[in-house]
Amino acid sequence: MSAVLQPAGGAGAVNPATAGEWLLEVEDLHVHFVTTRGVVRAVEGISYQVRAGEVVALVGESGCGKSVSSLAIMRLLAQPAGRIVAGRILFQGRDLLKLSDEQMREIRGRDIAMIFQEPMTSLNPVLTIGFQIMEPLLIHLGMDERAAHRRAVELLTLVGIPDPERRLGQYPHQFSGGMRQRVMIAIGLSCNPKLLIADEPTTALDVTIQAQILKLMKDLSRELGIALVVITHNLGVVARYADRVNVMYSARLAEQGTAREIFRKPLHPYTSGLLRSVPRLDQPRGRKLETIEGMPPNLLEPPLGCRFAPRCPARLDVCIASAPPLVEFERRHWSACVRGAEMARVGATGLGLQSANPLPPQPKAIAPEPLLKVHDLRTYFAVGTGMRLLKAKHAEVRAVDGLSFEIRRGETVGLVGESGCGKTTVGRTLLRLEEPTSGRVIFDGADVTHAVGAQLKSYRRHIQVIFQDPYSSLNPRMTIGQIIAEPMLVYKLEPDHKAAQRKVVALLTQVGLFEYMAERYPHELSGGQRQRVGIARALALKPSFIVCDEPVSALDVSIQAQIMNLLEDLQREFNLTYLFIAHDLAVVRHISDRVIVMYLGKVMEIADRDALYSDPLHPYTKALLDAVPIPDPALEARREYRVLAGEVPSPLNPPRGCVFHTRCPLASAECKLAVPELREVRPRHFAACIKL
């Protein structure tokens with residue numbers, strides 16, 4: 001075991017690098033936020049370094065301090081609440097914390113650039129894309145407008161935006177999400193910065209666009225020698241693109257090392273728990289996901305010892321009493337755990353953090369007959385495209401265009417595809433929140449396509465929904481108990497309020513919450529707890545079918561695993577049937593029995609889960625699977641994959657013929673004319689491609 005690199009609190013921190021080796025050095029950084037409820041210790045004593053041309057990842061759960069530490073580097077903390085109370089941030093040997101505001105403005109945007117998580121809120125909606133790219137060129141590099149314009153065209157070409165001359169005159173709302181993120185990268189690269197900080201740069205993007213953006217950033221980092229700091233919670237992204245990794249937990253660093261070593265043999269129980277919580281695309285569903293129980297501590301009153309100790313199954317008494325330092329237990333591999341040396345010797349299994357022989361999954365009771373049958377479902381929307389001679393000109397969005405499938409009782413069917421493909425519209429149409437244009441929906445033998453009155457009310461009792469964002473779907477003025485009890489009282493499933501409250505307590509217990517939470521309001525719960533409330537509300541009416549619309553995409557990976565396990569347990573207990581809508585193909589593989597792949601309103605492929613993932617037939621399905629990174633750097637280094645080019649066409653003007661032909665590597669002239677039918681290529685394996 002080597003000497004201590006960074007003691008907790010930062011006192012006596014030792015920099016192992018020789019002078020001048022690092023482009024960026026963060027040393028013993030402490031950031032506090034002063035609030036009316038007290039001081040939030042958002043970052044406590046973190047230290048890390050970045051070389052020119054390498055990709056360093058900062059990972060951890062929401063609220064651990066990843067973004068705050070990067071905002072501190074940029075000197076963009078919200079004032080006066082945010083304060084850097086200790087530490088140094090050295091950039092090319094200069095301490096950024098000692099520079100004046102004017103000196104920092106010269107560096108920010110020119111030498112250090114940042115790409116924020118949501119490009120739509122980072123781009124000015126009333127300024128053209130061209131102006132926003134040219135602005136730093138005019139300010140920092142002193143270019144004239146003609147030279148800045150030429151450079152802007154070069155930058156848009158570099159980040160893969162077609163027809164750059166024309167698009168410079170457009171506004172942010174005229175770009176797709178992936179293109180807006182490319183614009184943010186172009187702005188970040190405009191002055192040839194030496195350091196680029198990307199804060200969750202692909203969270204809001206589809207998996208194929210995510211792969212394009214991250215490959216672009218990695219290539220530019222290598223070619224131009226740009227140091228890249230990527231803040232993310234996606235461990236697959238870290239495995240595919242990062243050279244080194246810093247794992248944060250509750251404002252402190254838990255582990256540091258190369259990506260290969262951290263994924264191969266984590267030396268901190270928290271890192272090990274994160275890796276076990278993530279469903280993997282390369283592994284068929286075997287056991288339930290392992291979870292990290294509990295919640296991170298409150299940073300207003302953090303515990304004295306190890307921050308992870310209350311959730312750690314391997315904790316010792318000393319973990320509660322004092323905070324462990326960050327120690328180099330193996331070459332270039334540090335951990336802040338008193339049992340780090342033991343983990344290095346016997347691994348997570350030897351320490352009892354994971355089972356050597358996990359239990360196989362419990363079998364599910366899937367009935368042979370379908371509970372839900374959907375035939376040739378179409379849902380179109382008329383939209384205005386402007387005014388022509390004082391008359392509104394209308395266009396038609398074919399959100400769902402000829403969808404047919406069946407779901408058996410007790411089965412989970414996954415529905416996957418990129419944003420705008422019609423997944424959510426399918427769910428909303430089944431829930432009768434949208435009126436179908438044509439087609440039929442048969443539920444439990446009854447045609448509910450155009451049900452009204454008592455039939456619609458009865459149907460909606462048996463089909464419920466779990467929304468993507470639990471906060472926006474819960475009434476902030478109602479307590480949790482009132483939210484769950486309301487549907488029971490509306491449908492008169494309980495005789496009075498007292499009986500409803502007893503049922504609320506039972507439901508809270510079933511979804512893993514405490515009885516006292518019935519008196520709380522949504523803002524007083526964490527994201528994972530709010531999602532459990534959403535599940536309890538869906539169960540209140542004793543439904544037989546639940547539409548799960550991206551139910552875990554907004555959650556941290558450890559909380560995501562808890563919710564997925566809960567959904568599986570409830571399905572077995574109550575014989576529930578799920579339509580599971582998601583864009584994360586690894587999550588869908590873990591929870592689904594069959595999978596439907598959609599693209600631009602149409603079905604590309606339907607198959608049993610294992611058949612689709614092991615041997616996909618449609619080129620689009622293959623492209624989706626290629627784009628998903630696997631949380632294993634060694635496997636990613638050997639894996640051959642092609643990044644799908646282009647973006648999803650506008651649903652207002654879909655391509656003729658096969659809607660995928662504009663991006664398909666196998667497309668021919670015939671694909672541009674013929675609309676392929678969904679046909680059974682293999683037993684129970686359907687695909688819509690004329691090449692099959």
# chains A, B, ... in the order shown; residues from 1 in each chain; ligands from 1

$ residues_around --residues "Arg37 of chain A" --least-positions-apart "3" --cutoff "9 Å" --atoms "only C-alpha atoms" --output "number ranges by chain"
A: 34, 40, 300

$ write_last_selection --atoms "all heavy atoms" --output "PDB file, in the first residue's frame"
ATOM      1  N   VAL A  34     -24.463  28.735   0.978  1.00  0.00           N
ATOM      2  CA  VAL A  34     -25.125  29.278   2.166  1.00  0.00           C
ATOM      3  C   VAL A  34     -26.613  29.418   1.870  1.00  0.00           C
ATOM      4  O   VAL A  34     -27.010  30.145   0.950  1.00  0.00           O
ATOM      5  CB  VAL A  34     -24.524  30.641   2.559  1.00  0.00           C
ATOM      6  CG1 VAL A  34     -25.228  31.196   3.793  1.00  0.00           C
ATOM      7  CG2 VAL A  34     -23.018  30.510   2.806  1.00  0.00           C
ATOM      8  N   VAL A  40     -24.656  24.160   2.970  1.00  0.00           N
ATOM      9  CA  VAL A  40     -24.566  22.898   2.232  1.00  0.00           C
ATOM     10  C   VAL A  40     -23.119  22.713   1.791  1.00  0.00           C
ATOM     11  O   VAL A  40     -22.595  23.522   1.025  1.00  0.00           O
ATOM     12  CB  VAL A  40     -25.498  22.899   0.999  1.00  0.00           C
ATOM     13  CG1 VAL A  40     -25.317  21.612   0.202  1.00  0.00           C
ATOM     14  CG2 VAL A  40     -26.940  23.065   1.415  1.00  0.00           C
ATOM     15  N   LEU A 300     -26.366  19.112   4.486  1.00  0.00           N
ATOM     16  CA  LEU A 300     -26.483  20.146   5.521  1.00  0.00           C
ATOM     17  C   LEU A 300     -25.912  19.648   6.841  1.00  0.00           C
ATOM     18  O   LEU A 300     -25.348  20.418   7.620  1.00  0.00           O
ATOM     19  CB  LEU A 300     -27.949  20.538   5.709  1.00  0.00           C
ATOM     20  CG  LEU A 300     -28.549  21.477   4.670  1.00  0.00           C
ATOM     21  CD1 LEU A 300     -30.062  21.528   4.802  1.00  0.00           C
ATOM     22  CD2 LEU A 300     -27.954  22.874   4.812  1.00  0.00           C
TER      23      LEU A 300
END

$ residues_around --residues "segment 595-602 of chain A" --least-positions-apart "4" --cutoff "6 Å" --atoms "only C-alpha atoms" --output "list of chain:residue names"
A:Ala399, A:Val400, A:Asp401, A:Val413, A:Gly414, A:Leu415, A:Val416, A:Gly417, A:Cys421, A:Gly422, A:Ile606, A:Ala607, A:Arg609

$ closest_residue --among "A:His140, A:Tyr171, A:Val588, A:Gly93" --to "Pro125 of chain A" --atoms "only C-alpha atoms"
A:Tyr171

$ residues_around --residues "segment 322-324 of chain A" --least-positions-apart "3" --cutoff "7 Å" --atoms "only C-alpha atoms" --output "VMD selection string"
chain A and resid 8 304 to 306 318 to 319 336 to 338

$ residues_around --residues "segment 444-459 of chain A" --least-positions-apart "2" --cutoff "8 Å" --atoms "only C-alpha atoms" --output "VMD selection string"
chain A and resid 370 to 372 435 to 436 439 to 442 461 to 463

$ write_last_selection --atoms "all heavy atoms" --output "short mmCIF file (atom, residue, chain, number, x, y, z; two decimals), in the first residue's frame"
data_model
loop_
_atom_site.label_atom_id
_atom_site.label_comp_id
_atom_site.auth_asym_id
_atom_site.auth_seq_id
_atom_site.Cartn_x
_atom_site.Cartn_y
_atom_site.Cartn_z
N PRO A 370 -54.03 -13.26 -25.29
CA PRO A 370 -53.66 -11.84 -25.13
C PRO A 370 -54.65 -11.09 -24.25
O PRO A 370 -55.86 -11.33 -24.31
CB PRO A 370 -53.66 -11.32 -26.56
CG PRO A 370 -54.60 -12.20 -27.30
CD PRO A 370 -54.49 -13.56 -26.65
N LEU A 371 -54.12 -10.19 -23.43
CA LEU A 371 -54.97 -9.26 -22.68
C LEU A 371 -55.28 -8.04 -23.53
O LEU A 371 -56.39 -7.50 -23.49
CB LEU A 371 -54.25 -8.83 -21.39
CG LEU A 371 -54.93 -7.75 -20.56
CD1 LEU A 371 -56.26 -8.26 -19.99
CD2 LEU A 371 -54.01 -7.28 -19.43
N LEU A 372 -54.28 -7.60 -24.32
CA LEU A 372 -54.43 -6.41 -25.15
C LEU A 372 -54.08 -6.77 -26.59
O LEU A 372 -53.05 -7.40 -26.85
CB LEU A 372 -53.52 -5.29 -24.66
CG LEU A 372 -53.54 -3.99 -25.47
CD1 LEU A 372 -54.77 -3.17 -25.13
CD2 LEU A 372 -52.28 -3.17 -25.22
N GLU A 435 -56.80 10.55 -28.98
CA GLU A 435 -57.83 9.84 -29.75
C GLU A 435 -57.19 9.21 -30.98
O GLU A 435 -56.52 9.89 -31.76
CB GLU A 435 -58.93 10.81 -30.18
CG GLU A 435 -60.16 10.13 -30.76
CD GLU A 435 -60.94 9.35 -29.71
OE1 GLU A 435 -60.81 9.66 -28.50
OE2 GLU A 435 -61.67 8.43 -30.12
N PRO A 436 -57.34 7.89 -31.19
CA PRO A 436 -56.75 7.26 -32.37
C PRO A 436 -57.43 7.74 -33.65
O PRO A 436 -58.65 7.95 -33.68
CB PRO A 436 -56.99 5.77 -32.13
CG PRO A 436 -58.15 5.71 -31.20
CD PRO A 436 -58.05 6.92 -30.33
N GLY A 439 -57.84 2.32 -36.63
CA GLY A 439 -57.33 1.11 -36.01
C GLY A 439 -58.24 0.65 -34.88
O GLY A 439 -59.27 1.27 -34.59
N ARG A 440 -57.84 -0.45 -34.23
CA ARG A 440 -58.65 -1.01 -33.16
C ARG A 440 -57.78 -1.36 -31.97
O ARG A 440 -56.64 -1.82 -32.12
CB ARG A 440 -59.38 -2.27 -33.64
CG ARG A 440 -60.37 -2.05 -34.78
CD ARG A 440 -61.02 -3.36 -35.18
NE ARG A 440 -61.91 -3.84 -34.13
CZ ARG A 440 -62.26 -5.12 -33.97
NH1 ARG A 440 -61.75 -6.04 -34.78
NH2 ARG A 440 -63.08 -5.48 -33.02
N VAL A 441 -58.34 -1.13 -30.76
CA VAL A 441 -57.71 -1.53 -29.50
C VAL A 441 -58.70 -2.43 -28.77
O VAL A 441 -59.80 -1.99 -28.39
CB VAL A 441 -57.35 -0.31 -28.63
CG1 VAL A 441 -56.75 -0.77 -27.31
CG2 VAL A 441 -56.38 0.62 -29.36
N ILE A 442 -58.32 -3.70 -28.59
CA ILE A 442 -59.17 -4.68 -27.91
C ILE A 442 -58.54 -4.98 -26.56
O ILE A 442 -57.39 -5.47 -26.50
CB ILE A 442 -59.32 -5.98 -28.72
CG1 ILE A 442 -59.71 -5.68 -30.17
CG2 ILE A 442 -60.33 -6.91 -28.07
CD1 ILE A 442 -61.04 -5.00 -30.33
N ARG A 461 -59.95 2.23 -15.22
CA ARG A 461 -59.65 1.66 -13.91
C ARG A 461 -58.68 0.49 -14.06
O ARG A 461 -57.82 0.26 -13.21
CB ARG A 461 -60.93 1.18 -13.24
CG ARG A 461 -60.65 0.64 -11.84
CD ARG A 461 -61.68 -0.35 -11.37
NE ARG A 461 -61.08 -1.31 -10.47
CZ ARG A 461 -61.74 -2.29 -9.87
NH1 ARG A 461 -63.02 -2.44 -10.08
NH2 ARG A 461 -61.11 -3.12 -9.07
N HIS A 462 -58.79 -0.25 -15.15
CA HIS A 462 -57.98 -1.45 -15.33
C HIS A 462 -56.68 -1.19 -16.07
O HIS A 462 -55.83 -2.08 -16.15
CB HIS A 462 -58.80 -2.52 -16.08
CG HIS A 462 -59.93 -3.06 -15.27
ND1 HIS A 462 -61.23 -2.60 -15.39
CD2 HIS A 462 -59.97 -4.01 -14.31
CE1 HIS A 462 -62.01 -3.24 -14.55
NE2 HIS A 462 -61.28 -4.10 -13.88
N ILE A 463 -56.50 -0.01 -16.64
CA ILE A 463 -55.25 0.33 -17.31
C ILE A 463 -54.72 1.62 -16.69
O ILE A 463 -55.38 2.66 -16.73
CB ILE A 463 -55.44 0.46 -18.84
CG1 ILE A 463 -54.13 0.85 -19.52
CG2 ILE A 463 -56.57 1.39 -19.21
CD1 ILE A 463 -54.18 0.75 -21.03
#

$ residues_around --residues "Tyr516 of chain A" --least-positions-apart "5" --cutoff "10 Å" --atoms "only C-alpha atoms" --output "list in words"
Ile480, Gly481, Val505 and Leu508 of chain A

$ write_last_selection --atoms "N, CA, C and O atoms" --output "PDB file, in the first residue's frame"
ATOM      1  N   ILE A 480     -48.944  12.875   0.104  1.00  0.00           N
ATOM      2  CA  ILE A 480     -48.796  11.575  -0.554  1.00  0.00           C
ATOM      3  C   ILE A 480     -50.018  10.704  -0.278  1.00  0.00           C
ATOM      4  O   ILE A 480     -50.523  10.012  -1.175  1.00  0.00           O
ATOM      5  N   GLY A 481     -50.511  10.742   0.946  1.00  0.00           N
ATOM      6  CA  GLY A 481     -51.697   9.961   1.292  1.00  0.00           C
ATOM      7  C   GLY A 481     -52.908  10.374   0.473  1.00  0.00           C
ATOM      8  O   GLY A 481     -53.672   9.525  -0.011  1.00  0.00           O
ATOM      9  N   VAL A 505     -51.669   3.012   3.508  1.00  0.00           N
ATOM     10  CA  VAL A 505     -50.562   2.487   4.307  1.00  0.00           C
ATOM     11  C   VAL A 505     -50.078   1.156   3.738  1.00  0.00           C
ATOM     12  O   VAL A 505     -48.869   0.907   3.618  1.00  0.00           O
ATOM     13  N   LEU A 508     -48.145   1.865   0.472  1.00  0.00           N
ATOM     14  CA  LEU A 508     -46.827   2.434   0.743  1.00  0.00           C
ATOM     15  C   LEU A 508     -45.854   1.351   1.185  1.00  0.00           C
ATOM     16  O   LEU A 508     -44.684   1.337   0.774  1.00  0.00           O
TER      17      LEU A 508
END
